[in-house]
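S.K.: My questions will all concern the structure given below.
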Amino acid sequence: MSAEPAVEARGLSVRYGDFTAVDRVSFSVARGEIFGFLGANGAGKTTTIRVLCGLLPPTEGAVRVAGRSYADGERAIKEKVGYMSQKFTLYNDLTIGENLDFIASLRKLEPSYYARRRDELMELISFKKGLGEKVGALSGGTKQQVSLAAALLHDPEVVFLDEPTAGVTPAGRDRFWKLIRRVAGSGKTVFVTTHYMDEAEQCGRIALMRSGKLVAMDSPAGLKKSVFPEPVFEFDPLGTLSFAALAAFESHQAFSFFEPYGPRFHAAAAGPEAWARWRPELEKTFRIREIAPSLEDVFIRVVESAA
Amino acid sequence: MNRTLLGFIKKELTQALRDPRMKFIIFVTPIVQMTIFGVALSTEVKNIRLAAAFSAGDTVLRDVYENAINSGWFVPARAEGELAEHPFEMIRADKADAVLVPPPGGFTRALGRGDASLQLLVDATNATQAQAVDGYLKAIVARTVRADTGLAPPPPPIRFDVRVLFNPSLDTSIFLVPGVMTMLMVLTTMVLTNIAIVREKEMGTLEMLISAPVSKSEVIFGKTIPYVIIGMTNLPLILSVAVFLFRVPMRGSLAVMVLATFVFVCTTVSMGTLISTFCENQQQASMGGFLFMFPAIMFSGLIFPIQNMPASVRWLSFIDPLSHYLSLLRSIMLRGGDPRTLAWHMGVLLVLGLACGAVSFRRFHTTLS
């Protein structure tokens, strides 16, 4: 039982007419893992999540989530998972209590179980205001925490969070991730998509998607190592660079990767000989120091530069 | 009852009734509209501006004119002097709607000669009004001639013996108020249902909803039953206005009225659901509702008699739920409700409602695609 992965996809494809949204994706996620799902908009993350939540039967391939598959019936997977979709999914014109009551009735929770669980979850998100508070009056960060509580109401084994922190303040994002770690710590599997690299760093493993395909999957440290086998340097310009000069550096033969990073640049050397030859020349324009690549560098190299 | 359905009903009613504006729209506007439409909508033609070109000695024509004014249908046309203008000019210049023109020498003298011709010029740019004017004046002329001279006007080839049933005073509000009731019932039920479903789609809450292990029927009934309830609460409101304010009789049984309304409300809610399956956002839903309402009112028989429609389009009235509810209301309220008529119209409504429900059911999915 414990050996079985919480989430497993095999050769998963979703096609809408001629358009392939998800193309033969396979992966598995262990119980209690925080699994990050990264990719540009339209890469197929949300579609994959919808399949894994039991909302969208795959065109091809199979998924198994918390021991259930589509073959077990239309509602089999839905019973076992919690889902927080990209759009805000509570009713603004209802109070927190009314929203939770409604979700409890959708899931046919026993009233006594529901009351206990609701109090537990309000404590988990350390929500101090009353259940009578209108959802529309809450801040973005608090709304997302209440949404998370709503997704956890039926005590699912796996929770899918689709961009849960989009539009939330940095402090709010930090609080939300503390909750995610607490939820994973209690043995639940958390499957989360994000565009924030600092959030991706907190995942046990990350999968990168591009145009419906899974292009890389590893721990953040593992990804950095495998995507950048060559040394990576930070280039701090000594003076102001013209656009023309910058364009020349971007296509410079010394680099296999050259991308802006704040006021500086991150670059990977094309090869040891070329690097040895060009470094003295480059040091006239930049202060150079070797660094470990950031996850953002990984993301750019894998997801964006190849496009 | 199923816990999910109860949760739905509670949630929908809370949402629909929390907003004070919504409460006003659901419960107050129907009463206001009933009152306004009942008063304003009337096919009676009144205040027709009448002129008559009578000379001082033309007593019969003067009496015709005075009787016409006294009837209440007509008002004197504002004419300076004694028809200073040519009668045709008066109508063309929009100073009169109708002008009575006697033969040369006056109408009284012509009657004496046995020649009872009198010309009526009437503005027929409004055809309904022109027909009414024609009818009213013929009657008034006949009555006046008989009273003044004892002569019977030339009899028409066939004498009609008209008896006006159920609405002896031909009070048009009794005829029109059920129509207004029909319109209001369909507005609150169909439009609200449609918008409530489409709003969930647009806001993305539908995705949350169907991510729970709910069945198709739980979602569909959960989203529609609350609007059947709201629709039914409208019945006592508008029925009271009809009976107590407009004095529309209520000759049939109240229980039958409630049953007929229940069948109608279920049908319109079902149609609202069907329309919602074609709409992705609230704009489309409003437009869809309007595109339904407009022909539904036109073919209901509320404004134009169904009997006058060509057979090729009369089937539209047949599939128009409004036409059946209108027939039901008129039957129950005015005629006391003939069981076979009621069964027929309720049967058709039921079939329409079930058909729309079945199509909605097929089109609605608890998975995305």
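Identifiers for the structure tokens are assigned positionally: chains receive A, B, ... in sequence, residues are indexed from 1 per chain, and ligands are indexed from 1 in the order shown.
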Excluding same-chain residues fewer than 3 positions from range 279-282 of chain A, what lies within 10 Å of it counting only C-alpha atoms, as a list in words?
M.R.: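 In the requested format, the answer is Phe235, Pro237, Phe249, Ala254, Ala269, Ala274, Trp275, Ala276, Thr285, Phe286, Arg287 and Ile288 of chain A.
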S.K.: May I have the residues of chain A within 8 Å of chain B, counting only C-alpha atoms, written as a PyMOL selection string?
M.R.: chain A and resi 16+53-57+75-76+78-79+83-85+87-91+93-94+98+101-103+105-108
S.K.: Would you mind exporting N, CA and C atoms of the selected residues as a CSV table (one decimal), in the first residue's frame?
M.R.:
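Written file, out.csv:
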chain,number,residue,atom,x,y,z
A,16,TYR,N,-7.5,18.3,-27.9
A,16,TYR,CA,-8.8,18.9,-28.2
A,16,TYR,C,-8.8,19.1,-29.7
A,53,CYS,N,-7.4,15.2,-11.3
A,53,CYS,CA,-8.5,15.5,-10.3
A,53,CYS,C,-9.7,14.7,-10.7
A,54,GLY,N,-9.7,14.1,-11.8
A,54,GLY,CA,-11.0,13.4,-12.2
A,54,GLY,C,-11.9,14.2,-13.0
A,55,LEU,N,-11.5,15.4,-13.4
A,55,LEU,CA,-12.4,16.3,-14.1
A,55,LEU,C,-12.4,16.1,-15.6
A,56,LEU,N,-11.3,15.5,-16.1
A,56,LEU,CA,-11.1,15.5,-17.6
A,56,LEU,C,-10.5,14.1,-18.0
A,57,PRO,N,-11.4,13.2,-18.5
A,57,PRO,CA,-10.8,11.9,-18.9
A,57,PRO,C,-9.8,12.1,-20.0
A,75,ARG,N,-16.7,9.2,-10.6
A,75,ARG,CA,-16.5,10.0,-9.3
A,75,ARG,C,-15.4,9.4,-8.5
A,76,ALA,N,-14.8,8.3,-8.9
A,76,ALA,CA,-13.9,7.6,-8.0
A,76,ALA,C,-12.7,8.5,-7.6
A,78,LYS,N,-12.5,11.8,-7.9
A,78,LYS,CA,-12.9,13.0,-7.2
A,78,LYS,C,-13.1,12.8,-5.7
A,79,GLU,N,-13.5,11.6,-5.3
A,79,GLU,CA,-13.7,11.4,-3.9
A,79,GLU,C,-12.4,11.5,-3.1
A,83,TYR,N,-9.1,19.9,-4.8
A,83,TYR,CA,-8.6,20.6,-5.9
A,83,TYR,C,-8.9,22.1,-5.7
A,84,MET,N,-7.9,22.9,-5.9
A,84,MET,CA,-8.0,24.3,-5.8
A,84,MET,C,-7.7,24.9,-7.2
A,85,SER,N,-8.7,25.3,-7.9
A,85,SER,CA,-8.4,25.7,-9.3
A,85,SER,C,-7.8,27.1,-9.4
A,87,LYS,N,-8.8,29.8,-10.9
A,87,LYS,CA,-9.7,30.9,-10.6
A,87,LYS,C,-10.0,30.7,-9.2
A,88,PHE,N,-10.4,31.8,-8.5
A,88,PHE,CA,-10.9,31.8,-7.2
A,88,PHE,C,-12.2,31.1,-7.1
A,89,THR,N,-12.4,30.1,-6.3
A,89,THR,CA,-13.6,29.3,-6.5
A,89,THR,C,-14.5,29.3,-5.3
A,90,LEU,N,-14.4,30.3,-4.4
A,90,LEU,CA,-15.4,30.4,-3.4
A,90,LEU,C,-16.4,31.5,-3.9
A,91,TYR,N,-17.6,31.5,-3.3
A,91,TYR,CA,-18.6,32.5,-3.6
A,91,TYR,C,-18.3,33.8,-2.8
A,93,ASP,N,-20.2,36.3,-2.5
A,93,ASP,CA,-21.4,36.9,-1.8
A,93,ASP,C,-21.9,36.0,-0.7
A,94,LEU,N,-21.1,34.9,-0.4
A,94,LEU,CA,-21.5,34.1,0.8
A,94,LEU,C,-20.4,34.3,1.8
A,98,GLU,N,-20.9,29.8,5.1
A,98,GLU,CA,-21.9,29.3,4.1
A,98,GLU,C,-21.1,28.6,2.9
A,101,ASP,N,-20.2,25.2,4.3
A,101,ASP,CA,-21.4,24.4,4.4
A,101,ASP,C,-21.8,23.8,3.1
A,102,PHE,N,-21.7,24.7,2.0
A,102,PHE,CA,-22.1,24.2,0.7
A,102,PHE,C,-21.1,23.1,0.2
A,103,ILE,N,-19.8,23.3,0.4
A,103,ILE,CA,-18.9,22.3,0.0
A,103,ILE,C,-19.1,21.0,0.7
A,105,SER,N,-21.9,20.0,1.8
A,105,SER,CA,-23.0,19.3,1.3
A,105,SER,C,-22.7,18.7,-0.1
A,106,LEU,N,-21.9,19.3,-0.9
A,106,LEU,CA,-21.5,18.7,-2.1
A,106,LEU,C,-20.8,17.4,-1.9
A,107,ARG,N,-20.0,17.3,-0.8
A,107,ARG,CA,-19.3,16.1,-0.6
A,107,ARG,C,-20.0,15.2,0.4
A,108,LYS,N,-21.2,15.5,0.7
A,108,LYS,CA,-22.1,14.7,1.6
A,108,LYS,C,-21.4,14.4,2.9
S.K.: Just the alpha helix (DSSP H) stuff from range 172-263 of chain A, please, per backbone DSSP, written as JSON, numbers by chain.
M.R.: {"A": [172, 173, 174, 175, 176, 177, 178, 179, 180, 181, 182, 183, 184, 185, 197, 198, 199, 200, 220, 221, 222, 223, 224, 225, 226, 227, 243, 244, 245, 246, 247, 248, 249, 250]}
S.K.: In Å, rounded to a single decimal, give me how far CA of Val81 in chain A is from CA of Phe19 in chain A.
M.R.: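 Between CA of Phe19 in chain A and CA of Val81 in chain A the gap works out to 27.6 Å.
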S.K.: I want to know what sits within 10 Å of Ser286 in chain B, based on only C-alpha atoms, with residues of the same chain fewer than 2 positions away left out; could you give that as a list in words?
M.R.: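 Here the answer would be Val191, Leu192, Asn194, Ile195, Val198, Ser276, Cys279, Asn281, Gln282, Gln283, Gln284, Gly288, Gly289, Phe290, Leu291 and Phe292 of chain B.
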S.K.: May I have the residues within 9 Å of Leu12 in chain A as a PDB file with C-alpha atoms, in the first residue's frame, using only C-alpha atoms and disregarding those fewer than 5 positions away in the same chain?
M.R.:
ATOM      1  CA  VAL A  22      -0.745  17.178 -23.104  1.00  0.00           C
ATOM      2  CA  ASP A  23       1.533  14.883 -25.053  1.00  0.00           C
ATOM      3  CA  ARG A  24       2.458  11.433 -23.689  1.00  0.00           C
ATOM      4  CA  VAL A  25       3.375  12.527 -20.180  1.00  0.00           C
ATOM      5  CA  SER A  26       4.516   9.977 -17.593  1.00  0.00           C
ATOM      6  CA  THR A  48      -2.788  17.700 -16.612  1.00  0.00           C
ATOM      7  CA  VAL A  51      -7.072  14.948 -15.587  1.00  0.00           C
ATOM      8  CA  PRO A  58      -7.542  11.585 -20.821  1.00  0.00           C
ATOM      9  CA  THR A  59      -7.614  11.001 -24.570  1.00  0.00           C
ATOM     10  CA  GLU A  60      -4.897   8.404 -24.171  1.00  0.00           C
ATOM     11  CA  GLY A  61      -2.886   6.816 -21.395  1.00  0.00           C
ATOM     12  CA  ALA A  62      -3.880   6.213 -17.827  1.00  0.00           C
ATOM     13  CA  VAL A  63      -3.681   7.912 -14.481  1.00  0.00           C
TER      14      VAL A  63
END
S.K.: Report as a short mmCIF file (atom, residue, chain, number, x, y, z; two decimals) with N, CA and C atoms, in the first residue's frame all protein, DNA and RNA residues lying within 10 Å of Arg335 in chain B, evaluated on only C-alpha atoms, omitting residues in the same chain fewer than 2 positions from it.
M.R.:
data_model
loop_
_atom_site.label_atom_id
_atom_site.label_comp_id
_atom_site.auth_asym_id
_atom_site.auth_seq_id
_atom_site.Cartn_x
_atom_site.Cartn_y
_atom_site.Cartn_z
N LEU B 165 -69.46 37.33 -23.90
CA LEU B 165 -69.42 36.43 -22.76
C LEU B 165 -68.18 36.67 -21.90
N PHE B 166 -68.27 36.39 -20.64
CA PHE B 166 -67.17 36.39 -19.67
C PHE B 166 -66.58 37.77 -19.40
N ASN B 167 -66.73 38.67 -20.33
CA ASN B 167 -66.17 40.01 -20.13
C ASN B 167 -67.18 40.97 -20.72
N PRO B 249 -61.60 38.53 -12.49
CA PRO B 249 -62.25 37.51 -11.66
C PRO B 249 -61.36 36.29 -11.50
N MET B 250 -61.62 35.54 -10.44
CA MET B 250 -60.90 34.29 -10.23
C MET B 250 -61.97 33.23 -10.09
N ARG B 251 -62.42 32.74 -11.25
CA ARG B 251 -63.59 31.86 -11.24
C ARG B 251 -63.22 30.40 -11.01
N GLY B 252 -61.95 30.04 -11.34
CA GLY B 252 -61.54 28.65 -11.18
C GLY B 252 -60.99 28.39 -9.79
N LEU B 328 -54.09 28.92 -20.09
CA LEU B 328 -54.46 28.36 -18.79
C LEU B 328 -55.01 29.44 -17.87
N LEU B 329 -54.30 30.59 -17.82
CA LEU B 329 -54.73 31.67 -16.94
C LEU B 329 -56.12 32.16 -17.34
N ARG B 330 -56.30 32.39 -18.65
CA ARG B 330 -57.60 32.92 -19.10
C ARG B 330 -58.69 31.91 -18.82
N SER B 331 -58.34 30.63 -19.00
CA SER B 331 -59.35 29.61 -18.76
C SER B 331 -59.71 29.54 -17.28
N ILE B 332 -58.68 29.49 -16.43
CA ILE B 332 -58.95 29.33 -15.00
C ILE B 332 -59.60 30.59 -14.42
N MET B 333 -59.02 31.75 -14.76
CA MET B 333 -59.50 32.97 -14.11
C MET B 333 -60.84 33.44 -14.68
N GLY B 337 -62.17 27.34 -15.84
CA GLY B 337 -61.31 26.19 -16.07
C GLY B 337 -62.02 24.92 -16.51
N ASP B 338 -62.02 24.68 -17.82
CA ASP B 338 -62.58 23.44 -18.35
C ASP B 338 -61.51 22.35 -18.23
#
S.K.: Would you please give, as a list of chain:residue names, all residues of range 111-251 of chain A that DSSP assigns to strand (DSSP E) based on the backbone?
M.R.: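 So the strand (DSSP E) residues in range 111-251 of chain A would be A:Val158, A:Val159, A:Phe160, A:Leu161, A:Asp162, A:Thr189, A:Val190, A:Phe191, A:Val192, A:Thr193, A:Arg205, A:Ile206, A:Ala207, A:Leu208, A:Met209, A:Arg210, A:Lys213, A:Leu214, A:Val215, A:Ala216, A:Met217, A:Asp218, A:Val232, A:Phe233, A:Glu234, A:Phe235, A:Asp236, A:Pro237.
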S.K.: Please identify all polymer residues within 9 Å of Pro76 in chain B, counting only C-alpha atoms, omitting same-chain residues fewer than 5 positions from it, and present them as a compact mmCIF listing (two decimals) with N, CA and C atoms, in the first residue's frame.
M.R.:
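Everything below was put into out-v7.txt:
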# COMPACT_ATOMS: atom_id res chain seq x y z
N ASN B 47 -60.01 58.86 -26.68
CA ASN B 47 -59.50 60.20 -26.98
C ASN B 47 -59.26 60.41 -28.47
N ILE B 48 -60.21 59.96 -29.28
CA ILE B 48 -60.10 60.19 -30.72
C ILE B 48 -60.61 61.60 -31.01
N ARG B 49 -59.82 62.36 -31.73
CA ARG B 49 -60.21 63.75 -32.01
C ARG B 49 -61.18 63.75 -33.20
N LEU B 50 -62.41 64.15 -32.92
CA LEU B 50 -63.46 64.09 -33.93
C LEU B 50 -63.93 65.49 -34.32
N ALA B 51 -64.13 65.68 -35.60
CA ALA B 51 -64.71 66.94 -36.07
C ALA B 51 -65.92 66.58 -36.94
N TYR B 65 -72.68 64.12 -33.42
CA TYR B 65 -71.40 64.64 -32.93
C TYR B 65 -71.40 64.70 -31.40
N ILE B 69 -69.13 62.63 -28.64
CA ILE B 69 -68.29 63.23 -27.60
C ILE B 69 -68.71 62.70 -26.22
N ALA B 96 -57.21 66.39 -36.59
CA ALA B 96 -58.32 65.52 -36.22
C ALA B 96 -57.97 64.09 -36.62
S.K.: Between B:Leu322, B:Leu137, B:Leu350, B:Met34, which one has atoms that come closest to Val180 in chain B, using only C-alpha atoms?
M.R.: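 The shortest atom-to-atom distance to Val180 in chain B comes from B:Met34.
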S.K.: From the options A:Ala268, A:Met209, A:Glu283, A:Asp18, which residue's atoms come nearest to Gly239 in chain A, counting only C-alpha atoms?
M.R.: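 For Gly239 in chain A, the nearest of the candidates is A:Glu283.
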S.K.: As an exercise, work out the distance from CA of Asp236 in chain A to CA of Phe265 in chain A in Å and give it to one decimal place.
M.R.: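 Separating CA of Asp236 in chain A from CA of Phe265 in chain A is a distance of 6.6 Å.
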S.K.: With a distance cut-off of 6 Å and only C-alpha atoms, select the neighbouring residues of Val232 in chain A, excluding the residue or stretch itself and same-chain residues fewer than 3 positions from it, and output the selection as a PyMOL selection string.
M.R.: chain A and resi 267-268+290-291
